[in-house]
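Engineer: Hey, dropping structure39.tsv in here, TSV, C-alpha atoms and all ligand atoms:
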```
chain	number	residue	atom	x	y	z
A	8	MET	CA	0.00	0.00	0.00
A	9	LYS	CA	2.82	2.35	0.91
A	10	ARG	CA	4.40	1.66	-2.49
A	11	ILE	CA	1.16	2.45	-4.28
A	12	LEU	CA	0.81	5.67	-2.34
A	13	ALA	CA	4.38	6.68	-3.11
A	14	GLY	CA	3.72	5.92	-6.78
A	15	ILE	CA	0.63	8.10	-6.78
A	16	LEU	CA	2.47	10.89	-4.99
A	17	ILE	CA	5.35	10.79	-7.44
A	18	ALA	CA	2.99	10.67	-10.40
A	19	GLY	CA	1.07	13.58	-8.92
A	20	LEU	CA	4.22	15.67	-8.68
A	21	GLY	CA	5.09	14.90	-12.28
A	22	VAL	CA	8.44	13.46	-11.23
A	23	THR	CA	9.79	10.35	-12.95
A	24	PRO	CA	10.67	7.80	-10.30
A	25	ALA	CA	14.42	7.38	-9.83
A	26	TRP	CA	14.40	3.71	-10.87
A	27	ALA	CA	12.93	4.57	-14.25
A	28	GLN	CA	15.50	7.19	-15.31
A	29	LYS	CA	18.48	6.75	-17.56
A	30	SER	CA	21.75	8.52	-16.74
A	31	GLU	CA	20.78	12.10	-17.50
A	32	GLY	CA	22.94	14.79	-19.07
A	33	LEU	CA	24.78	12.40	-21.42
A	34	ALA	CA	24.82	12.59	-25.23
A	35	LEU	CA	23.31	16.06	-25.34
A	36	THR	CA	24.91	16.07	-28.76
A	37	PRO	CA	25.39	12.78	-30.67
A	38	GLN	CA	28.13	10.70	-29.09
A	39	MET	CA	31.48	10.58	-30.90
A	40	GLY	CA	34.13	7.92	-30.63
A	41	TRP	CA	35.45	4.66	-32.05
A	42	ASN	CA	34.26	1.06	-31.92
A	43	SER	CA	36.22	-2.12	-32.59
A	44	TRP	CA	33.60	-4.12	-34.51
A	45	ASN	CA	33.57	-2.89	-38.12
A	46	LYS	CA	37.29	-3.41	-38.64
A	47	PHE	CA	38.33	-6.02	-36.11
A	48	ALA	CA	35.21	-8.07	-35.27
A	49	CYS	CA	36.31	-10.62	-32.63
A	50	ASN	CA	40.00	-10.05	-33.21
A	51	ILE	CA	40.51	-7.61	-30.34
A	52	ASP	CA	42.78	-7.29	-27.32
A	53	GLU	CA	43.92	-4.73	-24.80
A	54	LYS	CA	46.91	-3.69	-26.93
A	55	LEU	CA	44.58	-2.65	-29.75
A	56	ILE	CA	42.45	-0.64	-27.34
A	57	ARG	CA	45.45	1.13	-25.82
A	58	GLU	CA	46.96	1.89	-29.21
A	59	THR	CA	43.63	3.19	-30.48
A	60	ALA	CA	43.32	5.53	-27.51
A	61	ASP	CA	46.84	6.80	-28.19
A	62	ALA	CA	46.08	7.28	-31.88
A	63	MET	CA	42.86	9.15	-31.08
A	64	VAL	CA	44.88	11.70	-29.14
A	65	LYS	CA	47.89	11.81	-31.47
A	66	LEU	CA	45.80	12.37	-34.61
A	67	GLY	CA	43.98	15.30	-33.04
A	68	LEU	CA	40.68	13.44	-33.13
A	69	LYS	CA	40.12	13.84	-29.41
A	70	GLU	CA	40.54	17.57	-29.93
A	71	ALA	CA	38.01	17.36	-32.75
A	72	GLY	CA	35.43	15.92	-30.34
A	73	TYR	CA	35.83	12.13	-30.38
A	74	GLN	CA	35.59	10.84	-26.86
A	75	TYR	CA	34.62	7.17	-26.50
A	76	ILE	CA	36.83	4.15	-27.14
A	77	ASN	CA	34.30	1.33	-27.39
A	78	ILE	CA	35.12	-2.35	-27.11
A	79	ASP	CA	32.51	-4.34	-29.03
A	80	ASP	CA	31.75	-8.06	-28.91
A	81	CYS	CA	34.18	-10.81	-27.89
A	82	TRP	CA	36.02	-9.19	-24.98
A	83	HIS	CA	34.36	-11.73	-22.72
A	84	GLY	CA	35.89	-14.52	-20.74
A	85	ALA	CA	33.55	-16.53	-18.53
A	86	ARG	CA	31.31	-16.00	-15.54
A	87	ASP	CA	32.74	-17.32	-12.28
A	88	ALA	CA	30.88	-19.37	-9.65
A	89	ASN	CA	29.24	-16.16	-8.36
A	90	GLY	CA	28.09	-15.19	-11.81
A	91	GLU	CA	30.64	-12.37	-12.04
A	92	MET	CA	31.78	-11.60	-15.56
A	93	HIS	CA	35.50	-11.53	-16.40
A	94	PRO	CA	37.30	-10.46	-19.54
A	95	ASP	CA	39.12	-12.98	-21.71
A	96	PRO	CA	42.33	-13.57	-19.71
A	97	GLN	CA	44.46	-14.07	-22.83
A	98	ARG	CA	43.26	-11.03	-24.70
A	99	PHE	CA	42.77	-8.69	-21.74
A	100	PRO	CA	45.31	-9.95	-19.18
A	101	SER	CA	45.57	-6.61	-17.34
A	102	GLY	CA	41.82	-6.50	-16.80
A	103	MET	CA	39.24	-3.89	-17.67
A	104	LYS	CA	39.90	-1.59	-14.74
A	105	ALA	CA	43.51	-1.11	-15.85
A	106	LEU	CA	42.33	-0.48	-19.40
A	107	ALA	CA	39.77	2.08	-18.24
A	108	ASP	CA	42.49	3.83	-16.21
A	109	TYR	CA	44.71	3.94	-19.30
A	110	VAL	CA	41.96	5.40	-21.46
A	111	HIS	CA	40.87	7.89	-18.77
A	112	ALA	CA	44.46	9.06	-18.30
A	113	ARG	CA	44.31	10.25	-21.92
A	114	GLY	CA	41.13	12.22	-21.34
A	115	LEU	CA	38.99	9.65	-23.15
A	116	LYS	CA	36.19	7.33	-22.04
A	117	LEU	CA	35.80	3.58	-22.28
A	118	GLY	CA	32.83	1.70	-23.69
A	119	ILE	CA	31.91	-1.95	-23.48
A	120	TYR	CA	29.39	-4.27	-25.12
A	121	SER	CA	26.75	-6.68	-23.89
A	122	ASP	CA	23.46	-8.18	-24.96
A	123	VAL	CA	20.03	-8.46	-23.35
A	124	GLY	CA	19.87	-12.16	-24.32
A	125	ASP	CA	21.67	-15.21	-22.95
A	126	THR	CA	24.45	-14.88	-25.50
A	127	THR	CA	25.85	-12.06	-27.61
A	128	CYS	CA	25.88	-12.09	-31.41
A	129	GLY	CA	29.43	-13.47	-31.19
A	130	HIS	CA	28.16	-16.28	-28.89
A	131	ARG	CA	29.74	-14.85	-25.74
A	132	PRO	CA	27.86	-14.65	-22.41
A	133	GLY	CA	25.02	-12.11	-22.54
A	134	SER	CA	23.57	-10.23	-19.58
A	135	ARG	CA	20.13	-11.85	-19.34
A	136	GLY	CA	19.41	-12.42	-15.65
A	137	HIS	CA	22.69	-10.67	-14.75
A	138	GLU	CA	21.80	-7.10	-15.69
A	139	TYR	CA	22.28	-5.57	-12.24
A	140	GLN	CA	25.37	-7.63	-11.55
A	141	ASP	CA	26.98	-6.72	-14.89
A	142	ALA	CA	26.15	-3.02	-14.58
A	143	ARG	CA	27.75	-3.07	-11.13
A	144	THR	CA	30.83	-4.80	-12.53
A	145	TYR	CA	31.15	-2.33	-15.42
A	146	ALA	CA	30.75	0.56	-13.00
A	147	ALA	CA	33.51	-0.87	-10.78
A	148	TRP	CA	35.75	-1.14	-13.85
A	149	GLY	CA	35.12	2.52	-14.70
A	150	ILE	CA	33.13	1.95	-17.88
A	151	ASP	CA	31.39	5.02	-19.35
A	152	TYR	CA	29.35	3.61	-22.23
A	153	ILE	CA	27.48	0.36	-22.80
A	154	LYS	CA	26.26	-0.87	-26.15
A	155	VAL	CA	23.60	-3.51	-25.61
A	156	ASP	CA	22.76	-5.87	-28.45
A	157	TRP	CA	19.63	-7.90	-29.26
A	158	CYS	CA	20.91	-11.36	-30.20
A	159	ASP	CA	19.47	-14.49	-28.57
A	160	SER	CA	16.58	-12.43	-27.25
A	161	LYS	CA	13.83	-14.96	-27.93
A	162	GLY	CA	10.89	-14.46	-25.57
A	163	LEU	CA	12.12	-11.08	-24.36
A	164	ASN	CA	10.06	-7.95	-24.57
A	165	ALA	CA	12.36	-5.30	-26.03
A	166	VAL	CA	10.90	-2.37	-24.09
A	167	GLY	CA	11.18	-4.18	-20.78
A	168	ALA	CA	14.57	-5.74	-21.47
A	169	TYR	CA	16.22	-2.40	-22.22
A	170	GLN	CA	14.42	-0.69	-19.34
A	171	THR	CA	15.81	-3.36	-17.02
A	172	PHE	CA	19.31	-2.65	-18.32
A	173	SER	CA	18.78	1.06	-17.88
A	174	ASP	CA	17.53	0.56	-14.32
A	175	ALA	CA	20.56	-1.63	-13.61
A	176	ILE	CA	22.88	1.14	-14.82
A	177	ARG	CA	21.07	3.62	-12.63
A	178	ALA	CA	21.35	1.30	-9.63
A	179	SER	CA	25.11	1.03	-10.21
A	180	LYS	CA	25.28	4.78	-9.50
A	181	ARG	CA	27.81	5.38	-12.28
A	182	PRO	CA	26.54	7.48	-15.18
A	183	MET	CA	26.92	5.35	-18.31
A	184	LEU	CA	25.65	6.07	-21.78
A	185	LEU	CA	23.30	3.33	-22.95
A	186	SER	CA	23.55	2.66	-26.67
A	187	ILE	CA	20.62	0.44	-27.61
A	188	CYS	CA	21.41	-1.92	-30.48
A	189	GLU	CA	18.07	-3.51	-31.29
A	190	TRP	CA	18.31	-2.95	-35.07
A	191	GLY	CA	14.97	-1.14	-35.29
A	192	GLU	CA	12.97	-4.36	-35.02
A	193	ASN	CA	10.52	-3.15	-32.37
A	194	LYS	CA	10.44	0.52	-33.37
A	195	PRO	CA	12.83	1.60	-30.59
A	196	TRP	CA	12.36	5.25	-31.60
A	197	GLU	CA	8.91	5.01	-30.02
A	198	TRP	CA	10.10	3.84	-26.59
A	199	ALA	CA	13.88	3.87	-26.19
A	200	ALA	CA	14.32	7.53	-25.25
A	201	SER	CA	13.35	6.76	-21.68
A	202	SER	CA	15.85	3.94	-21.28
A	203	GLY	CA	18.77	4.78	-23.58
A	204	HIS	CA	20.62	7.64	-25.25
A	205	SER	CA	20.55	6.27	-28.79
A	206	TRP	CA	19.01	3.36	-30.63
A	207	ARG	CA	20.06	1.62	-33.80
A	208	THR	CA	17.42	2.18	-36.46
A	209	THR	CA	18.55	-0.62	-38.79
A	210	GLY	CA	20.51	-3.84	-39.11
A	211	ASP	CA	24.27	-3.70	-39.59
A	212	ILE	CA	26.04	-1.36	-41.96
A	213	TYR	CA	28.23	-2.48	-44.86
A	214	PRO	CA	30.85	-0.32	-46.61
A	215	CYS	CA	29.17	0.11	-49.99
A	216	TRP	CA	27.08	2.84	-51.49
A	217	ASP	CA	23.85	1.01	-52.27
A	218	CYS	CA	24.12	-2.72	-51.80
A	219	GLU	CA	22.90	-5.40	-49.46
A	220	MET	CA	25.36	-8.00	-48.26
A	221	SER	CA	23.52	-11.19	-47.39
A	222	HIS	CA	24.51	-13.13	-44.29
A	223	GLY	CA	21.80	-15.75	-44.83
A	224	SER	CA	19.12	-14.88	-42.29
A	225	TRP	CA	19.93	-11.15	-42.45
A	226	SER	CA	21.60	-8.59	-44.71
A	227	ALA	CA	24.04	-5.81	-43.96
A	228	LEU	CA	23.15	-2.54	-45.64
A	229	GLY	CA	24.98	0.04	-47.70
A	230	ILE	CA	24.87	3.78	-47.05
A	231	MET	CA	21.83	4.61	-49.23
A	232	ARG	CA	19.86	1.66	-47.85
A	233	ILE	CA	20.40	2.88	-44.31
A	234	LEU	CA	19.57	6.46	-45.28
A	235	ASP	CA	16.27	5.40	-46.83
A	236	LYS	CA	15.27	3.61	-43.63
A	237	GLN	CA	15.40	6.88	-41.69
A	238	ALA	CA	12.20	8.16	-43.34
A	239	GLY	CA	9.75	9.33	-40.70
A	240	LEU	CA	12.16	9.03	-37.78
A	241	ARG	CA	13.48	12.56	-37.38
A	242	LYS	CA	10.82	13.61	-34.91
A	243	TYR	CA	12.09	11.06	-32.41
A	244	SER	CA	15.64	12.42	-32.40
A	245	GLY	CA	16.98	15.14	-30.11
A	246	PRO	CA	19.42	15.87	-27.30
A	247	GLY	CA	19.99	12.70	-25.26
A	248	ARG	CA	17.98	10.51	-27.69
A	249	TRP	CA	19.49	9.88	-31.10
A	250	ASN	CA	18.62	7.74	-34.11
A	251	ASP	CA	21.77	5.64	-34.53
A	252	MET	CA	22.50	4.81	-38.18
A	253	ASP	CA	25.30	2.44	-37.08
A	254	MET	CA	29.03	2.88	-36.80
A	255	LEU	CA	30.94	4.62	-39.55
A	256	GLU	CA	32.55	2.83	-42.48
A	257	VAL	CA	34.72	5.79	-43.48
A	258	GLY	CA	38.15	4.46	-44.49
A	259	MET	CA	36.81	0.94	-44.96
A	260	GLY	CA	36.95	0.63	-48.73
A	261	MET	CA	34.55	3.10	-50.32
A	262	THR	CA	35.76	5.96	-52.54
A	263	GLU	CA	36.73	9.28	-51.00
A	264	ASP	CA	33.60	10.91	-52.39
A	265	GLU	CA	31.46	8.13	-50.92
A	266	ASP	CA	33.25	8.45	-47.60
A	267	ARG	CA	32.66	12.20	-47.57
A	268	ALA	CA	28.98	11.68	-48.41
A	269	HIS	CA	28.61	8.97	-45.74
A	270	PHE	CA	30.18	11.21	-43.10
A	271	SER	CA	28.09	14.22	-44.19
A	272	ILE	CA	24.84	12.24	-44.10
A	273	TRP	CA	25.55	10.84	-40.64
A	274	ALA	CA	26.39	14.39	-39.49
A	275	MET	CA	23.23	15.88	-41.02
A	276	LEU	CA	20.97	13.22	-39.53
A	277	ASP	CA	22.46	13.61	-36.05
A	278	SER	CA	23.64	10.01	-35.93
A	279	PRO	CA	26.34	9.16	-33.40
A	280	LEU	CA	29.75	9.47	-35.08
A	281	ILE	CA	31.52	6.29	-34.07
A	282	LEU	CA	34.56	5.54	-36.21
A	283	GLY	CA	34.94	1.95	-37.37
A	284	ASN	CA	38.35	1.92	-39.05
A	285	ASP	CA	41.88	1.25	-37.78
A	286	LEU	CA	43.00	4.55	-36.30
A	287	ARG	CA	46.61	3.36	-36.01
A	288	THR	CA	47.12	3.11	-39.75
A	289	MET	CA	44.72	5.74	-41.00
A	290	PRO	CA	45.75	7.34	-44.32
A	291	ALA	CA	45.81	11.15	-44.36
A	292	PRO	CA	42.76	11.56	-46.65
A	293	VAL	CA	40.62	9.48	-44.30
A	294	ARG	CA	41.86	11.44	-41.32
A	295	LYS	CA	40.94	14.64	-43.11
A	296	ILE	CA	37.41	13.39	-43.64
A	297	VAL	CA	36.69	12.23	-40.10
A	298	GLY	CA	38.55	15.20	-38.65
A	299	ASN	CA	36.60	17.82	-40.65
A	300	ARG	CA	35.57	20.25	-37.93
A	301	ASP	CA	32.96	22.00	-40.07
A	302	VAL	CA	31.12	18.75	-40.69
A	303	ILE	CA	31.48	17.68	-37.07
A	304	ALA	CA	30.05	21.04	-35.97
A	305	ILE	CA	26.91	20.35	-38.00
A	306	ASN	CA	26.47	17.03	-36.18
A	307	GLN	CA	27.31	18.53	-32.81
A	308	ASP	CA	25.11	21.59	-33.18
A	309	PRO	CA	23.48	22.27	-29.80
A	310	LEU	CA	19.99	22.61	-31.28
A	311	GLY	CA	20.04	18.87	-32.01
A	312	VAL	CA	17.50	18.89	-34.84
A	313	GLN	CA	17.91	16.15	-37.42
A	314	ALA	CA	18.02	17.22	-41.08
A	315	LEU	CA	14.93	17.06	-43.26
A	316	ARG	CA	14.76	16.13	-46.91
A	317	PHE	CA	12.76	18.87	-48.60
A	318	TYR	CA	13.25	17.93	-52.23
A	319	ASN	CA	14.07	14.85	-54.26
A	320	GLN	CA	13.96	14.08	-57.89
A	321	GLY	CA	15.73	11.28	-59.69
A	322	GLN	CA	19.16	10.93	-58.20
A	323	VAL	CA	19.15	14.32	-56.47
A	324	GLU	CA	18.08	15.06	-52.93
A	325	LEU	CA	18.18	18.34	-51.03
A	326	TRP	CA	18.49	18.24	-47.28
A	327	ALA	CA	18.42	21.07	-44.73
A	328	LYS	CA	19.26	21.07	-41.05
A	329	PRO	CA	18.31	23.94	-38.77
A	330	LEU	CA	21.26	24.98	-36.61
A	331	ALA	CA	21.56	27.18	-33.54
A	332	ASN	CA	21.76	30.97	-34.02
A	333	ASP	CA	19.47	30.90	-37.02
A	334	GLU	CA	22.02	29.13	-39.18
A	335	TRP	CA	21.33	26.22	-41.51
A	336	ALA	CA	23.22	23.35	-43.07
A	337	PHE	CA	22.29	22.54	-46.64
A	338	MET	CA	23.24	19.34	-48.46
A	339	ILE	CA	22.91	18.34	-52.08
A	340	LEU	CA	23.14	14.57	-52.44
A	341	ASN	CA	23.89	12.95	-55.78
A	342	ARG	CA	22.99	9.27	-55.53
A	343	GLY	CA	23.86	8.69	-59.16
A	344	GLU	CA	26.79	7.12	-60.98
A	345	ALA	CA	27.92	10.28	-62.78
A	346	PRO	CA	29.02	13.71	-61.53
A	347	LEU	CA	26.22	16.23	-61.62
A	348	SER	CA	26.39	19.90	-62.61
A	349	TYR	CA	23.80	21.42	-60.37
A	350	ARG	CA	22.31	24.90	-60.29
A	351	TYR	CA	20.23	26.11	-57.47
A	352	ASP	CA	18.37	29.41	-57.52
A	353	TRP	CA	17.54	29.58	-53.84
A	354	GLN	CA	13.88	29.79	-54.74
A	355	HIS	CA	12.58	27.32	-52.20
A	356	THR	CA	11.19	28.33	-48.86
A	357	ILE	CA	12.35	25.72	-46.42
A	358	GLY	CA	9.89	25.25	-43.61
A	359	ASP	CA	10.35	22.83	-40.76
A	360	ASP	CA	7.23	22.07	-38.72
A	361	LEU	CA	9.27	20.13	-36.19
A	362	SER	CA	11.63	22.92	-35.16
A	363	LYS	CA	9.24	25.70	-36.24
A	364	ARG	CA	12.00	27.18	-38.32
A	365	GLU	CA	11.64	28.64	-41.77
A	366	VAL	CA	13.97	30.19	-44.25
A	367	ASP	CA	12.90	32.24	-47.24
A	368	PHE	CA	15.88	33.10	-49.42
A	369	LYS	CA	13.88	35.74	-51.26
A	370	LYS	CA	13.62	37.70	-48.04
A	371	ALA	CA	17.01	37.10	-46.45
A	372	THR	CA	20.44	36.59	-47.90
A	373	TYR	CA	22.70	33.98	-46.34
A	374	ARG	CA	26.43	33.62	-46.76
A	375	TRP	CA	27.51	30.05	-47.33
A	376	THR	CA	30.71	28.13	-46.73
A	377	ASP	CA	31.32	24.76	-48.36
A	378	ALA	CA	32.27	22.38	-45.57
A	379	TRP	CA	34.43	20.23	-47.88
A	380	SER	CA	36.03	22.69	-50.32
A	381	GLY	CA	36.09	25.80	-48.12
A	382	LYS	CA	34.58	27.86	-50.97
A	383	THR	CA	32.27	30.70	-49.98
A	384	GLY	CA	29.39	32.59	-51.59
A	385	ASP	CA	25.93	33.89	-50.85
A	386	THR	CA	22.33	33.06	-51.63
A	387	GLY	CA	21.89	36.31	-53.54
A	388	LYS	CA	23.51	34.55	-56.50
A	389	ARG	CA	22.61	31.30	-58.15
A	390	LEU	CA	24.61	28.37	-56.83
A	391	GLU	CA	26.50	26.44	-59.50
A	392	VAL	CA	28.28	23.35	-58.26
A	393	THR	CA	29.45	19.96	-59.40
A	394	VAL	CA	28.26	17.23	-57.08
A	395	PRO	CA	30.50	14.17	-57.41
A	396	ALA	CA	29.03	10.77	-58.30
A	397	HIS	CA	27.89	9.13	-55.06
A	398	GLY	CA	28.70	12.40	-53.38
A	399	VAL	CA	27.51	15.53	-51.69
A	400	VAL	CA	28.00	19.26	-51.52
A	401	LEU	CA	27.54	20.43	-47.96
A	402	LEU	CA	27.12	24.11	-47.12
A	403	ARG	CA	26.75	26.02	-43.90
A	404	LEU	CA	24.50	29.07	-44.19
A	405	LYS	CA	24.70	32.14	-42.02
A	406	LYS	CA	22.55	35.26	-42.37
A	407	SER	CA	24.56	38.12	-43.82
B	501	LIG	C1	25.44	-7.17	-34.02
B	501	LIG	C2	25.53	-5.65	-33.93
B	501	LIG	C3	26.88	-5.19	-34.45
B	501	LIG	C4	27.98	-5.84	-33.64
B	501	LIG	C5	27.85	-7.35	-33.66
B	501	LIG	C6	28.78	-8.02	-32.68
B	501	LIG	O1	25.46	-7.60	-35.35
B	501	LIG	O2	24.48	-5.06	-34.66
B	501	LIG	O3	26.99	-3.78	-34.40
B	501	LIG	O4	27.93	-5.36	-32.32
B	501	LIG	O5	26.53	-7.76	-33.32
B	501	LIG	O6	28.66	-9.41	-32.68
```
Here is a file; write its structure as structure tokens.
Ligand code: GLA
Structural biologist:
Amino acid sequence: MKRILAGILIAGLGVTPAWAQKSEGLALTPQMGWNSWNKFACNIDEKLIRETADAMVKLGLKEAGYQYINIDDCWHGARDANGEMHPDPQRFPSGMKALADYVHARGLKLGIYSDVGDTTCGHRPGSRGHEYQDARTYAAWGIDYIKVDWCDSKGLNAVGAYQTFSDAIRASKRPMLLSICEWGENKPWEWAASSGHSWRTTGDIYPCWDCEMSHGSWSALGIMRILDKQAGLRKYSGPGRWNDMDMLEVGMGMTEDEDRAHFSIWAMLDSPLILGNDLRTMPAPVRKIVGNRDVIAINQDPLGVQALRFYNQGQVELWAKPLANDEWAFMILNRGEAPLSYRYDWQHTIGDDLSKREVDFKKATYRWTDAWSGKTGDTGKRLEVTVPAHGVVLLRLKKS
């Protein structure tokens, strides 16, 4: 009875009960970092993690905003007789606490991976039935970020399973970002904002422009396929609750133009920017792409409003993203196989019902800067650009 009364009282005050809150104040802009999966899959160890943290600092990427070093699947050893989880003793002989200390000493944060089911996608022990225990363990290790997968989840209710994990994190008393990796199967955008900070909207990414790579029961998706699955989701995104389009494939085999487009699209749609390549051997052109501060600033804009597509015809799409201080980002996407000479008269009024922002270029002139070429101009003159095949032109607009 007391419990019921307390519940009514809390509800009456409009306060969310403590056990139903995620760690607040995290991911107010989309999280940025690196994750081991796309490049290394299960071939990971503590040396790789340490070297990646060093590279993140040395390459200036920490300065550019990247913060999390995330260990994905296969770090696991076994549970002991008390059910406590331990890392693989061969691959992580110094233990996770030592690794977290190493990463923290460089001003970065450490992420780890689990699964709401009995086993992870890589067939390692999952957290089902051990959520509170695992969250406590991660907290004791000094973990800052947990990606929680959806493999082996038969019979689980997604909403409840992720809420349980969120509650377990809260009970551990250490703020940890919860990255929900449920692949969009149960429309996480409709419910995951109360438990996590981001949710995957699709199955796994694949480094190609517009292909599907079949893995038998499921397919990994190219950049355009993932983009097209974001239709209708922008209203769910905002500070502390992001649509996650999966980890980046920049530097993983696509062309430079495709990489630039991929990075621009993820920035425009406020997806977390989690690098997926080998930072230790990153060629200069790739570093230039992922280190582009103008593009990162569009993703990290404090307004946190996902871009909207306001025009599409054939292979061309026009996207706009309202930014703080009445600025806008403007992207021309060429999905086609050939470069495109594109002219734009700035005749559209771009209205966004979601953010209640509108721009009418007939009434106001904006100065633009091209985030990739550095060229400048203004909306008083017709824009004439060449958009590369499988590429973008990305402009930042500021009222003059
Ligand atoms: C799933 C996830 C991936 C990755 C792997 C690890 O496929 O969607 O991002 O974490 O599992 O096994």
Engineer: Grab me every residue within 10 Å of ligand LIG 501 (chain B), counting only C-alpha atoms and all ligand atoms, and send it over as JSON, numbers by chain.
Structural biologist: {"A": [42, 43, 44, 45, 48, 49, 78, 79, 80, 81, 120, 121, 122, 126, 127, 128, 129, 130, 131, 154, 155, 156, 157, 158, 187, 188, 189, 190, 207, 209, 210, 211, 212, 225, 227, 253, 254]}
Engineer: So, counting only C-alpha atoms, which residue among A:Ala112, A:His93, A:Ala71, A:Asp360 is closest to Val302 in chain A?
Structural biologist: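 Looking at the shortest contact to Val302 in chain A, the residue is A:Ala71.
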Engineer: Find the residues near range 314-317 of chain A: any atom within 8 Å, counting all atoms listed in the file, skip ones fewer than 6 places away on the same chain, and give them as an MDAnalysis selection string.
Structural biologist: chainID A and resid 241 275:277 324:329 357 359
Engineer: Output C-alpha atoms for every residue in that selection, as a PDB file, in the coordinates of the input.
Structural biologist:
```pdb
ATOM      1  CA  ARG A 241      13.480  12.560 -37.380  1.00  0.00           C
ATOM      2  CA  MET A 275      23.230  15.880 -41.020  1.00  0.00           C
ATOM      3  CA  LEU A 276      20.970  13.220 -39.530  1.00  0.00           C
ATOM      4  CA  ASP A 277      22.460  13.610 -36.050  1.00  0.00           C
ATOM      5  CA  GLU A 324      18.080  15.060 -52.930  1.00  0.00           C
ATOM      6  CA  LEU A 325      18.180  18.340 -51.030  1.00  0.00           C
ATOM      7  CA  TRP A 326      18.490  18.240 -47.280  1.00  0.00           C
ATOM      8  CA  ALA A 327      18.420  21.070 -44.730  1.00  0.00           C
ATOM      9  CA  LYS A 328      19.260  21.070 -41.050  1.00  0.00           C
ATOM     10  CA  PRO A 329      18.310  23.940 -38.770  1.00  0.00           C
ATOM     11  CA  ILE A 357      12.350  25.720 -46.420  1.00  0.00           C
ATOM     12  CA  ASP A 359      10.350  22.830 -40.760  1.00  0.00           C
TER      13      ASP A 359
END
```
Engineer: Show which residues sit within 6 Å of range 167-173 of chain A, as a ChimeraX atom specification. Count only C-alpha atoms, and ignore same-chain residues fewer than 5 positions away.
Structural biologist: /A:29,138,202
Engineer: Counting all atoms listed in the file, figure out which residue out of A:Asp251, A:Gln320, A:Ala34, A:Tyr351 gets nearest to Arg389 in chain A.
Structural biologist: A:Tyr351
Engineer: CA of Asp264 in chain A to CA of Asp385 in chain A: how many Å, to one decimal?
Structural biologist: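 Going from CA of Asp264 in chain A over to CA of Asp385 in chain A covers 24.3 Å.
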Engineer: I'd like to know which of A:Ala146, A:Ala199, A:Met261, A:Leu163 is closest to Ser179 in chain A, using only C-alpha atoms.
Structural biologist: A:Ala146
Engineer: So that I can check the surroundings of range 242-245 of chain A, please list as a ChimeraX atom specification every protein, DNA and RNA residue that reaches within 8 Å of it, counting only C-alpha atoms and ignoring chain neighbours fewer than 2 positions away.
Structural biologist: /A:35,196-197,239-240,247-250,277,311-313,361
Engineer: If we draw a sphere of 9 Å around (19.8, 27.8, -32.5), which residues have at least one atom in it when counting only C-alpha atoms? Please report them as a ChimeraX atom specification.
Structural biologist: /A:308-311,329-334
Engineer: Nearest to Ala336 in chain A among A:Asn164, A:Asn306, A:Asn89, A:Gln74, with distances taken over only C-alpha atoms: which residue is it?
Structural biologist: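 Ranked by minimum distance to Ala336 in chain A, first place goes to A:Asn306.
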Engineer: To one decimal place, how far is CA of Lys369 in chain A from CA of Gln354 in chain A in Å?
Structural biologist: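 Atom-to-atom, CA of Lys369 in chain A to CA of Gln354 in chain A, that is 6.9 Å.
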Engineer: Nearest to Thr288 in chain A: which of A:Ile176, A:Ile303, A:Val392, A:Met259 is it, counting only C-alpha atoms?
Structural biologist: A:Met259
Engineer: Can you complete the atoms of range 305-313 of chain A to N, CA and C atoms and list them as an mmCIF file, in the coordinates of the input?
Structural biologist:
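In the end it all went to rebuild.cif:
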```
data_model
loop_
_atom_site.group_PDB
_atom_site.id
_atom_site.type_symbol
_atom_site.label_atom_id
_atom_site.label_comp_id
_atom_site.auth_asym_id
_atom_site.auth_seq_id
_atom_site.Cartn_x
_atom_site.Cartn_y
_atom_site.Cartn_z
ATOM 1 N N ILE A 305 28.309 20.498 -37.574
ATOM 2 C CA ILE A 305 26.910 20.350 -38.000
ATOM 3 C C ILE A 305 26.253 19.237 -37.183
ATOM 4 N N ASN A 306 26.981 18.153 -36.983
ATOM 5 C CA ASN A 306 26.470 17.030 -36.180
ATOM 6 C C ASN A 306 26.329 17.409 -34.699
ATOM 7 N N GLN A 307 27.275 18.199 -34.233
ATOM 8 C CA GLN A 307 27.310 18.530 -32.810
ATOM 9 C C GLN A 307 26.574 19.825 -32.479
ATOM 10 N N ASP A 308 25.819 20.336 -33.418
ATOM 11 C CA ASP A 308 25.110 21.590 -33.180
ATOM 12 C C ASP A 308 24.176 21.440 -31.961
ATOM 13 N N PRO A 309 24.228 22.414 -31.045
ATOM 14 C CA PRO A 309 23.480 22.270 -29.800
ATOM 15 C C PRO A 309 21.956 22.199 -29.954
ATOM 16 N N LEU A 310 21.444 22.689 -31.075
ATOM 17 C CA LEU A 310 19.990 22.610 -31.280
ATOM 18 C C LEU A 310 19.538 21.152 -31.366
ATOM 19 N N GLY A 311 20.348 20.305 -31.956
ATOM 20 C CA GLY A 311 20.040 18.870 -32.010
ATOM 21 C C GLY A 311 18.812 18.538 -32.827
ATOM 22 N N VAL A 312 18.644 19.205 -33.963
ATOM 23 C CA VAL A 312 17.500 18.890 -34.840
ATOM 24 C C VAL A 312 18.011 18.159 -36.085
ATOM 25 N N GLN A 313 17.489 16.977 -36.292
ATOM 26 C CA GLN A 313 17.910 16.150 -37.420
ATOM 27 C C GLN A 313 17.496 16.809 -38.745
#
```
